[in-house]
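K.L.:
Take a look at this one; I'll ask things after.
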Amino acid sequence: MSNYSIVSLIRNAFSHHEHWGRAWRDPAPKPAYDVVIIGGGGHGLATAYYLAKEHGITNVAVLEKGWLGGGNTGRNTTILRSNYLWDESAALYEKSLQLYEGLSQDLNYNTMVSQRGVLNLAHNLHDVRESVRRVNALRLNGIDSEWLTREQVKEFCPAINIAPDVRYPIMGGTLQRRGGTARHDAVAWGFARAASARGVDIIQNCEVTGLRRVGGKVVGVETSRGYIQAGKVGVVAAGHSSVVAGMADLRLPLESHPLQALVSEPIKPVLDCVVMSNAVHVYVSQSDKGELVIGAGIDSYNSYAQRGSFHVIEHQIGPLLELFPIFSRLRLLRHWAGIVDTCPDASPIISKTPVENLFINCGWGTGGFKATPGSGWVFAHTIARNEPHVLNAPFSLDRFTSGYLIDEHGAAAVAH
Amino acid sequence: MSNSHRTASGGRIDRTRSVTFTFNGKSYQGCAGDTLASALLANGVHLVARSFKYHRPRGILSAGSEEPSALIQLERGGHTEPNLRATQIELYEGLSAASQNAWPNVNFDVGAVNGLLSKIFVAGFYYKTFMHPQSLWMKLYEPLIRHAAGLGKAPKEPDPDRYDKMHVHCDVLVVGAGPAGLTAALAAARTGARVILADEQNELGGSLLTSGETVDGLPAASWIAKIEAELAACPEIRVLRRTTAAGYYDHNHLTLTERRTDHLPRGAAPHLSRQRLWNVRAKRVVLATGGHERPLVFADNDRPGIMLAGAVRTYVNRYGVTPGKRAVLLTNNDSAYAAALDMQAAGIAIAAIVDVRTAVNGPLAAKARAAGITVLENRAVVATEGGKRLTSVDVMPLAADGGGVVGMARTSIACDLLAMSGGWNPAVHLYSQSTGKLRYDEAAACFVPHKATQALHCAGTCNGRFALPDCLAEGVAAGTEAAREAGFTADAPLPVPRAEADAEEPLRPLWVVPSTQLVGRGSGKHFVDFQNDVTAADVLLASREGYQSVEHLKRYTTMGMGTDQGKTSNVNALAILAQSLSAPIPQVGTTTFRPPYTPVVFGALAGRDVGELADPARVTPMHRWHVENGAVFEDVGQWKRPWYFPRAGESMHDAVNRECRAVRNGVGVLDASTLGKIDIQGPDAAILLNRMYTNAWSKLDVGRCRYGVMCKEEGMVIDDGVTTRLGPNHFLMTTTTSNAAKVLDWLEEYLQTEWPDLRVHLTSVTEHWSTASIAGPKARDVVAALAPDLDLSADAFPFMAMKEAVVAGVPARIFRISFTGELSYEINVPAYHGLRLWTEIMKAGAPHGVTPYGTETMHVLRAEKGYIIVGQETDGTVTPQDLGMDWIVSKQKADFVGKRSFTRQDTSRADRKQLVGLLTQDPTMVLPEGAQITAQAGGTVPIPMLGYVTSSYWSETMGRSIALALIAGGSRMIGQTVHAPLADKNVACAVVKPVFYDPEGVRLHG
Ligand SMILES: Cc1cc2nc3c(=O)[nH]c(=O)nc-3n(C[C@H](O)[C@H](O)[C@H](O)COP(=O)(O)OP(=O)(O)OC[C@H]3O[C@@H](n4cnc5c(N)ncnc54)[C@H](O)[C@@H]3O)c2cc1C
């Protein structure tokens, strides 16, 4: 694999860029692997990468039914943050944010991690109370977070409207300066390239259609490209996790819903941070390309079709214009949906399963992009060692039996 | 009016009405009926923009909504809008437009240095660099990228316009009013079906406005006028001009955006909303959206003066504009010949038609030759010259396979206009949004609709039919069929209008027109996506690097991701990708077209849901009194609730202390109307309550009240409130203010999905009743004055009882319940009488000093009593037991929602977070709500946390601060000291029981 750098770019310019190799190899599937990962989204690719890098397990295949990153990885609004309320979540997402901080260099692929700050707005006394609670908890957990007054919000984000005479005036907000965004496709591609370089086979257009079991153990996967034997199988199929788990008669406490997002036409920089508001339900940032990237609410019905209802988009814009009246004449360029896998407690499942050799990483719902490296890192550990890392131990499947839920619903953060 | 590039006559413009406008600060004249693009071209202006990445000079490529290059910033101040396509802006008096993404100006743009680095700035280069040193990414590299990116500028002021929405049903929606759409609409409308015909242009006619062909023996314009008149005579037709079908969703739901004032001077029609967003649900849809011409991909195909041939024809015929004096045409199909003939007729000298096909002998070519036009067969344009305007092109003969050129000799042809045609793509965007499947048509080299998945028909060019007679016939057929499917037939079906077309020779797809050097070598750039500066070399690079899925290609190169969504580039890029993979085009796939078809103004999406109407503000019938008496309000859900009632000169602290004293020592009154109220009736009402609340309800006597706590399945508290038995089968439940709707949904969900056998009906009566809560030792005196006939003695009307009585002349329900710990009566009257009740209370209470109090005082008083507030003491992770309310969880009941969870390992842990009281060592120190609690003072992060402060106040009653907190194992820590480590200091506190005031409840029962 050739190294990426300004030097290699210049060198290749002289040969008209005709000598660049593939970013990742395109091998035919082998008959057997030590580990098969189902799902070539960011989480699956990260898992494969860290299996190879941290655990020396390189006889690994990532099977993707479509194109890499074509699921939620390539559809999300790319918000990164670790300002979660509960200790368990904070530790996991913080691990991920830390991995993001050095990811471009680690992968030798510019994932455009942009720590321009995430602002969570408070619009009522309840919001204020919950915000202060979160800031305090984060501080004691050693994670950066601060409370901004209304005026400080305006100073940090000049485009925002802090007028008191709007329907839900801004009362202040919390700021995580280390939060921000990353380029979603680059995260998938960077992991794919780096994993491939370490020997991982990345196989696109390969749909898993069955899990073969012998004596209660998974021994391989049936795919659209034939049977593949597997020592262990990791399911990282996001919105389709229940479908894949169902192939091993495993029922998961997940619901799949459409979640929509949209972008505006590109404009010159006007918004230099991520703004999120729970009460008014908005989350918005401006991409490096200049588009405003806006997340909509979840569609309330269950679906596997990657489209949502238009009224959800319509209803998203009123609140956006509440916070940013100057965006009214800008235009919607594209909207789309992904299928998110939501758990009853809005926290993920990263776990062994009752089926031997079958591991599952799902339930990231509306907010797993920020967790991509961390999720892969702990899941690789779980698969390699047959036991969870301390960071993901609380996120096991048996919490739905024990009641040890990590409920981030009430925790005042929009879960993106 | 004279323009340098105007024909002497003809076109759809009104030459008698000249329109003055400015572009880049310079004043020009155009005609009514011009677009900004046609007016600029009429003035000889081609250079209007700079490209996104390399800042190359760019002109006007097309004449419609597919325009990738000519993006401009329209107007200034609050009216300004970025990224508008000059080809779609209708000229109006005083219009002011400017180029964007160029500094200092479009003629001299410093950003053009990027062009020098273009050898490095290839597709995806930024993924390969800007990584070292790491710290420079945020400080230097990314700011540079951000600064360079983006096109136009956002307004700095709020939008002066307003927007509306329409919701309509129809039998047949026809999108596009070209020959196919017009005939479809008329055929359908003649059946009596409700028909909507929408077209994005200002006038009907579509391609006929360009081609001017004869239909039914009439010139195009007359035929269009005749059809319009016939349409207008139909009973159920609605014709929407300047209306774009933007999105096609499930169940034949389409969105249309209608521009009502954009063609008028700004502010000229203040009575009109600027745009309307139509949500249309159609029984049948006819898509007659026409097609887009494809550019050819050749070296330096992007100079100002290089245009689509069909567009040039449009400018000539429709706008009376000659975009050049001397033109070359480059084509791979016959349609350019028709353009050449019209151009020549308009006075443009045709230097040559360069045709990549080996031999061209069709009737159109014959006409061109007969008109004296030179046709250069089997040739290619291999280079173009001219910085800000095309000056010449170089032509060479093609090798037999079209893969290269022959020899080294070039012929240079001087010209200021190059009109190109790479064939046509049906505009299948909406069809594709509808999830219809496409098929690749080898002969026409384009994707055409194949298998529809929704109730729709495609007609005309949208369906892959390019000749006028076919479009007319398909329009009639589709309109007739759509109406029939919707249940309508015509007495006199529409005959297919007559028209003729020249037979066309096959097209030769030559996806990259070769040059003397391989693509990517040399200095020439073969642009595929003009807006995002994606070249053929970029496509090949992406393919080489493994970004071979169409989606990867788009994302890696940004091809098709611009504001035009790749209308002119997608198929070319796909074909080049397929070539690089030696795969047939259909195997490589097509891209998904995401809505909207063209960008939609956010304001139109929001409609009226902005400003005050962003969300309804709910107020109680007493609201006016509160406003008049200086209340400060708090938003609680959608409700405006009085927070406190400051008197002149009082701080919030003063006011709340005064209100608290009044309730504890005299009497206060709270507007409690916002609490949710659910009327529950039916023989199984008590069973429902038994199953939804944790405690038992069967034995509650009529006229008695009981407090209940509701949990989710996992055992966590979600709501609480008092429910009263009004009759054997009749209860009134109260919920918290913000959860009223959620609780009703929750009960309904259970009734409808789990227990449909229960005979219970639920009705929200929140807004049927107004509630005033009179609390304090003197409450009884006030109520007695208002309801003199009622026996208020504790025996006759005990705590947790309800009586019906006439209060202040109004029939009322009085509940003797308390959220303050004082003797208290909640008086409910029909909402209509709410204000009267309130004023009567104030009158009757005056002798007792009745004091209105707000939610803040309510919070303080209830906290003194240790009463919880759901959402404050709970956050979805708190059980009734955690709140010290074991007593409310029935041990006897067979089942209720949440029960099974209380025995789960984690839910039954003894060291769960439990509700306690906290007293700061310094009694004047009021802890911040949300402060975390630790066992030790100080330490290094991460510091283990025991819990947090849920509520914290200055208690005037206790003369000190009080707080409630949820603390791990808290119920066994009473008496111990814990710490609240704040950002600036540590606060030590004693853990106490969570009841600070009147623990025995003497006052309540008095
Ligand atoms: C609109 C939207 C906005 C969001 N915004 C944010 C945000 O701002 N911040 C944030 O942190 N998170 C956000 N998220 C959530 C985030 O995108 C996801 O949690 C995360 O990307 C999930 O990554 P993944 O790799 O698990 O899933 P995916 O990327 O979905 O990968 C799963 C892959 O499995 C494949 N697959 C499924 N079944 C099979 C099979 N049988 N065989 C083979 N392959 C299969 C799929 O094709 C898919 O590629 C958002 C999500 C959406 C939809």
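Naming scheme: A, B, ... for chains in displayed order of the structure tokens; residues 1 onward per chain; ligands 1 onward as shown.
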Do you know which residues are at most 10 Å from Leu68 in chain A counting only C-alpha atoms, after dropping those on the same chain fewer than 4 positions away, and could you put them as JSON, numbers by chain?
P.N.:
{"A": [39, 40, 41, 42, 44, 45, 62, 63, 64, 73, 74, 185, 188, 189, 192, 202, 203, 204, 205], "B": [547, 549, 551, 552]}
K.L.:
Given a cut-off of 7 Å, what residues near ligand 1 show up using only C-alpha atoms and all ligand atoms, put as a ChimeraX atom specification?
P.N.:
/A:38-44,63-80,206-209,236-241,244,258-261,295,337-340,362,364-372,416
K.L.:
Work out how far apart CA of Pro596 in chain B and CA of Glu255 in chain A are and give it in Å to one decimal.
P.N.:
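Those two atoms sit 28.4 Å apart.
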K.L.:
Which of range 242-402 of chain B counts as strand (DSSP E or B) under DSSP, as a PyMOL selection string please?
P.N.:
chain B and resi 243-249+253-259+275-287+291-293+299+306-308+321+326-331+349-355+375-377+379-385+392-398
K.L.:
Which residues are close to range 412-420 of chain B, i.e. within 10 Å by only C-alpha atoms, leaving aside same-chain residues fewer than 5 positions away? Reply as a VMD selection string.
P.N.:
chain B and resid 46 61 293 to 297 301 303 to 313 322 to 333 335 to 336 339 to 340 348 to 355 381 to 386 389 to 396
K.L.:
Can you tell me which residues surround Thr924 in chain B at a distance of at most 10 Å, considering only C-alpha atoms, apart from same-chain residues fewer than 4 positions away, and format the answer as a CSV table (one decimal) with N, CA, C and O atoms, in the first residue's frame?
P.N.:
```csv
chain,number,residue,atom,x,y,z
B,920,THR,N,-26.8,21.6,53.2
B,920,THR,CA,-25.4,22.1,53.1
B,920,THR,C,-24.9,22.5,54.5
B,920,THR,O,-25.7,23.0,55.3
B,954,TRP,N,-33.6,27.9,48.1
B,954,TRP,CA,-33.7,28.6,49.4
B,954,TRP,C,-35.0,28.3,50.0
B,954,TRP,O,-36.1,28.6,49.3
B,955,SER,N,-35.1,27.8,51.2
B,955,SER,CA,-36.4,27.5,51.8
B,955,SER,C,-36.6,28.7,52.8
B,955,SER,O,-36.0,28.7,53.9
B,959,GLY,N,-35.8,28.7,56.7
B,959,GLY,CA,-34.7,29.7,56.9
B,959,GLY,C,-33.4,29.2,56.5
B,959,GLY,O,-32.3,29.7,57.1
B,960,ARG,N,-33.3,28.3,55.6
B,960,ARG,CA,-32.0,27.8,55.1
B,960,ARG,C,-32.2,27.2,53.7
B,960,ARG,O,-33.3,27.1,53.2
B,961,SER,N,-31.1,26.8,53.1
B,961,SER,CA,-31.2,26.1,51.8
B,961,SER,C,-31.6,24.6,52.1
B,961,SER,O,-31.3,24.0,53.2
B,962,ILE,N,-32.3,24.0,51.1
B,962,ILE,CA,-32.6,22.6,51.1
B,962,ILE,C,-32.3,22.0,49.8
B,962,ILE,O,-32.3,22.8,48.8
```
